[in-house]
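Q: Got a structure for you, questions after.
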Amino acid sequence: MPGYDVAIIGLGAMGSFTAMELAGRGASVIGFDRFSPPHEKGSHGGETRAFRTIYTEHPDYVPLMKRALEHWERLAAEGSSELLTWTGVLSLGEADSSLIGGVRQSADVYGLPVQSLPADEVRRRFPALNPPGNFTGLLDTRSGLIDVAAALGCALQGARRLGAELRLDREVLGWSVEGREVLVNTREGQVRAKRLVVTAGAWSGAILRALKLPLLVRRQVLTWFRPHRPEWFQPGAAPVFVFAPGAFYGFPEIGGNGVKIAYHERGDPLPAFPVQVPPPSDADLGPLARDIARFVPGLLDPARPPQDQMLAAKTCLYTLTPDGHFIIDRHPQYEQVLFGAGFSGHGFKFAPVMGEVLADLALEGKTEQPVDFLRLEGRF
Ligand SMILES: Cc1cc2nc3c(=O)[nH]c(=O)nc-3n(C[C@H](O)[C@H](O)[C@H](O)COP(=O)(O)OP(=O)(O)OC[C@H]3O[C@@H](n4cnc5c(N)ncnc54)[C@H](O)[C@@H]3O)c2cc1C
């Protein structure tokens, strides 16, 4: 049986960039995905992802975010498609809300530029938005959105061009260790590799069952609305915006596909290994319609019911850790097995640097990137 240097389980956000990075370093790589990324059954579906330079979750993400940005800019310069659009990210809330406090603190600590906008200034600059008078707006101008299909296309095509063998629509049923190698099992047969990287998103807990990773999979609902005044929602005219209550957020309209609206802080927990994800329902849409009317009244035509102006509603999966931080580590029993999991609803922007880190760990056994705070050992 021919052997590979590295096998990868899961070619979504993290696995696709890991495959490209490994292949670029000359490793022989085989990657599997049970679906055909980009797809809408895991954690990367839904067209766009926010890229923020101001990071409130943990200060140690800032150097990783800067490294990720170097990768995004290099990849965009090398390729033909736009990966990142600089729209700015506008955070809105009461001055003592954790969102506004966190953005201010992170900007102060890292000397990052942020514009402070009172509510009436927000309404003047962005007529679609309607923050209450006691809300403050903080605009992070070095932020924007990432095109998911372009990003995954860039990574998967890049990996293939560099020699990686990618098997899509191939589910991995399990893996085992034999001597210093790893055997990966699919319905089509077995593959042997010196190293295994597991980047299986919401299914990571199932693939690494013996580790009992503390992962909570949550169903998130994404909606797209046809804007009543499209000119208010184009990139350049509107930022990505997030309102503190529920972390209710929206993205500018891309390609005439509507304005994406969702909550970051709401979502229903699912069984650990999701098989069936319930589709969006009226119970999901009611609160969204109320918050649109309250915070983004310019989005909809007031003369028509909101549901008639909705273009699409989809689900997507968060894989949350108890502390909201990613887990990047080596398997405690098998040093040839590495994994990246629990990206907790904020991992996409880091995908290229996570690819670099996992490739470092697989090929060199160590990395210069500051990821010690993301290790599993001793954390939960
Ligand atoms: C609604 C929503 C909004 C988000 N917004 C942002 C944002 O604005 N900014 C940001 O940075 N991040 C955001 N995120 C988070 C980000 O998208 C995720 O952190 C990221 O996609 C996680 O990548 P992943 O590779 O772990 O999972 P995925 O991208 O889901 O990839 C995992 C892959 O593993 C495959 N797989 C699983 N099991 C198997 C198996 N047995 N065999 C073969 N293949 C398998 C799956 O098919 C899948 O393709 C958001 C996530 C959601 C759901």
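Residues in the structure tokens are numbered from 1 in each chain, the chains being A, B, ... in the order shown, and ligands are numbered from 1 in the order shown.
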Collect all residues with atoms no farther than 7 Å from ligand 1, counting only C-alpha atoms and all ligand atoms, and output them as a JSON list (two decimals) with C-alpha atoms, in the first residue's frame.

A:
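Final file, pocket-v1.json:
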[["chain", "number", "residue", "atom", "x", "y", "z"],
["A", 9, "ILE", "CA", -9.44, 14.28, 7.71],
["A", 10, "GLY", "CA", -11.67, 17.25, 6.82],
["A", 11, "LEU", "CA", -10.93, 19.75, 4.04],
["A", 12, "GLY", "CA", -13.07, 22.67, 5.23],
["A", 13, "ALA", "CA", -11.61, 25.95, 6.41],
["A", 14, "MET", "CA", -8.69, 24.55, 8.40],
["A", 15, "GLY", "CA", -7.99, 21.34, 6.48],
["A", 32, "PHE", "CA", -10.50, 13.49, 2.65],
["A", 33, "ASP", "CA", -13.79, 15.27, 3.03],
["A", 34, "ARG", "CA", -17.18, 13.63, 3.45],
["A", 35, "PHE", "CA", -18.69, 16.44, 1.34],
["A", 36, "SER", "CA", -17.34, 18.73, -1.37],
["A", 37, "PRO", "CA", -16.15, 22.02, 0.19],
["A", 39, "HIS", "CA", -20.58, 23.29, 1.32],
["A", 41, "LYS", "CA", -23.34, 21.22, 6.07],
["A", 42, "GLY", "CA", -20.49, 22.25, 8.39],
["A", 43, "SER", "CA", -19.06, 25.48, 9.80],
["A", 44, "HIS", "CA", -17.91, 27.46, 6.75],
["A", 45, "GLY", "CA", -21.23, 27.85, 4.87],
["A", 46, "GLY", "CA", -22.93, 31.18, 4.28],
["A", 49, "ARG", "CA", -16.86, 35.70, 7.15],
["A", 50, "ALA", "CA", -15.81, 38.78, 9.10],
["A", 51, "PHE", "CA", -12.13, 39.62, 9.46],
["A", 170, "ARG", "CA", -15.25, 10.46, 0.83],
["A", 171, "GLU", "CA", -16.16, 9.95, 4.45],
["A", 172, "VAL", "CA", -13.44, 8.74, 6.80],
["A", 173, "LEU", "CA", -14.89, 5.99, 8.95],
["A", 199, "THR", "CA", -9.62, 19.08, 11.04],
["A", 200, "ALA", "CA", -13.13, 17.67, 10.98],
["A", 201, "GLY", "CA", -15.01, 20.71, 12.36],
["A", 202, "ALA", "CA", -18.23, 19.75, 14.13],
["A", 203, "TRP", "CA", -17.37, 16.05, 13.67],
["A", 204, "SER", "CA", -13.95, 16.31, 15.37],
["A", 207, "ILE", "CA", -13.12, 11.29, 14.91],
["A", 220, "GLN", "CA", -26.75, 28.87, 13.98],
["A", 221, "VAL", "CA", -29.33, 30.38, 11.64],
["A", 222, "LEU", "CA", -28.25, 32.73, 8.83],
["A", 316, "CYS", "CA", -24.41, 26.56, 9.99],
["A", 317, "LEU", "CA", -22.60, 24.90, 12.91],
["A", 318, "TYR", "CA", -20.54, 26.44, 15.70],
["A", 340, "GLY", "CA", -7.31, 21.58, 15.21],
["A", 341, "ALA", "CA", -10.83, 21.76, 16.62],
["A", 342, "GLY", "CA", -13.33, 23.88, 18.56],
["A", 343, "PHE", "CA", -13.01, 27.03, 16.46],
["A", 344, "SER", "CA", -15.92, 28.43, 18.47],
["A", 345, "GLY", "CA", -17.56, 30.56, 15.79],
["A", 346, "HIS", "CA", -14.56, 32.82, 15.14],
["A", 347, "GLY", "CA", -11.95, 30.65, 13.41],
["A", 348, "PHE", "CA", -12.29, 31.36, 9.70],
["A", 349, "LYS", "CA", -10.11, 34.46, 9.55],
["A", 350, "PHE", "CA", -7.26, 32.38, 11.05]]

Q: Each residue of segment 297-344 of chain A lying at most 9 Å from segment 229-252 of chain A should get a row with its shortest atom-to-atom pair and the distance in Å to one decimal, counting only C-alpha atoms; could you produce that, ordered by chain and increasing number, as JSON lines?

A:
{"residue": "A:Gly298", "atom": "CA", "partner": "A:Arg229", "partner_atom": "CA", "distance": 7.1}
{"residue": "A:Leu299", "atom": "CA", "partner": "A:Arg229", "partner_atom": "CA", "distance": 6.9}
{"residue": "A:Leu300", "atom": "CA", "partner": "A:Arg229", "partner_atom": "CA", "distance": 8.0}
{"residue": "A:Asp301", "atom": "CA", "partner": "A:Arg229", "partner_atom": "CA", "distance": 8.5}

Q: Based on the selection just made, write all heavy atoms of those residues as a PDB file, in the first residue's frame.

A:
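For reference, result_37.pdb as written:
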ATOM      1  N   GLY A 298     -33.856  50.446   8.006  1.00  0.00           N
ATOM      2  CA  GLY A 298     -33.699  50.780   6.579  1.00  0.00           C
ATOM      3  C   GLY A 298     -33.521  49.560   5.702  1.00  0.00           C
ATOM      4  O   GLY A 298     -33.491  49.675   4.478  1.00  0.00           O
ATOM      5  N   LEU A 299     -33.402  48.370   6.311  1.00  0.00           N
ATOM      6  CA  LEU A 299     -33.182  47.177   5.479  1.00  0.00           C
ATOM      7  C   LEU A 299     -34.445  46.796   4.706  1.00  0.00           C
ATOM      8  O   LEU A 299     -34.381  46.402   3.544  1.00  0.00           O
ATOM      9  CB  LEU A 299     -32.745  46.010   6.378  1.00  0.00           C
ATOM     10  CG  LEU A 299     -32.555  44.653   5.696  1.00  0.00           C
ATOM     11  CD1 LEU A 299     -31.516  44.756   4.579  1.00  0.00           C
ATOM     12  CD2 LEU A 299     -32.115  43.594   6.714  1.00  0.00           C
ATOM     13  N   LEU A 300     -35.606  46.917   5.363  1.00  0.00           N
ATOM     14  CA  LEU A 300     -36.831  46.359   4.772  1.00  0.00           C
ATOM     15  C   LEU A 300     -37.831  47.433   4.362  1.00  0.00           C
ATOM     16  O   LEU A 300     -37.851  48.529   4.929  1.00  0.00           O
ATOM     17  CB  LEU A 300     -37.484  45.408   5.774  1.00  0.00           C
ATOM     18  CG  LEU A 300     -36.615  44.230   6.221  1.00  0.00           C
ATOM     19  CD1 LEU A 300     -37.367  43.355   7.194  1.00  0.00           C
ATOM     20  CD2 LEU A 300     -36.121  43.425   5.031  1.00  0.00           C
ATOM     21  N   ASP A 301     -38.659  47.070   3.410  1.00  0.00           N
ATOM     22  CA  ASP A 301     -39.776  47.918   3.008  1.00  0.00           C
ATOM     23  C   ASP A 301     -40.864  47.787   4.090  1.00  0.00           C
ATOM     24  O   ASP A 301     -41.410  46.691   4.276  1.00  0.00           O
ATOM     25  CB  ASP A 301     -40.288  47.403   1.648  1.00  0.00           C
ATOM     26  CG  ASP A 301     -41.490  48.191   1.156  1.00  0.00           C
ATOM     27  OD1 ASP A 301     -42.036  48.995   1.933  1.00  0.00           O
ATOM     28  OD2 ASP A 301     -41.878  47.972  -0.015  1.00  0.00           O
TER      29      ASP A 301
END

Q: Near Pro322 of chain A, within 12 Å and counting only C-alpha atoms, which residues show up once chain neighbours fewer than 3 positions away are dropped, as a list of chain:residue names?

A: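 Skipping anything fewer than 3 positions along the chain leaves A:Leu213, A:Pro214, A:Leu215, A:Leu216, A:Val217, A:Thr319, A:His325, A:Phe326, A:Ile327, A:Gly342, A:Phe343, A:Ser344, A:Leu376, A:Arg379, A:Phe380.
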
Q: Calculated over only C-alpha atoms, which of the candidates A:Gly158, A:Gly365, A:Leu288, A:Gln336 has the smallest distance to Val177 of chain A?

A: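 Distance minimum relative to Val177 of chain A lands on A:Gln336.
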
Q: Write out as a PyMOL selection string all residues of segment 69-222 of chain A that backbone DSSP assigns to helix (DSSP H, G or I).

A: chain A and resi 69-78+98-110+119-125+148-161+201-207+209-211

Q: Tell me, as an mmCIF file with C-alpha atoms, in the first residue's frame, which residues lie within 9 Å of Pro113 of chain A, counting only C-alpha atoms; anything in the same chain fewer than 2 positions away does not count.

A:
data_model
loop_
_atom_site.group_PDB
_atom_site.id
_atom_site.type_symbol
_atom_site.label_atom_id
_atom_site.label_comp_id
_atom_site.auth_asym_id
_atom_site.auth_seq_id
_atom_site.Cartn_x
_atom_site.Cartn_y
_atom_site.Cartn_z
ATOM 1 C CA ILE A 54 -9.437 44.259 16.964
ATOM 2 C CA ALA A 107 -7.610 48.824 20.558
ATOM 3 C CA ASP A 108 -5.804 50.546 23.477
ATOM 4 C CA GLY A 111 -2.547 50.625 19.520
ATOM 5 C CA GLN A 115 -13.147 55.555 15.287
ATOM 6 C CA LEU A 139 -15.534 51.502 13.803
ATOM 7 C CA ASP A 140 -12.539 49.234 13.203
ATOM 8 C CA THR A 141 -11.429 50.346 9.764
ATOM 9 C CA ARG A 142 -8.747 47.637 9.258
#

Q: Using DSSP secondary structure from the backbone, list all strand (DSSP E) positions within segment 243-355 of chain A, as number ranges by chain.

A: A: 243, 248-250, 259-263, 268-269, 310-320, 327-330, 337-341
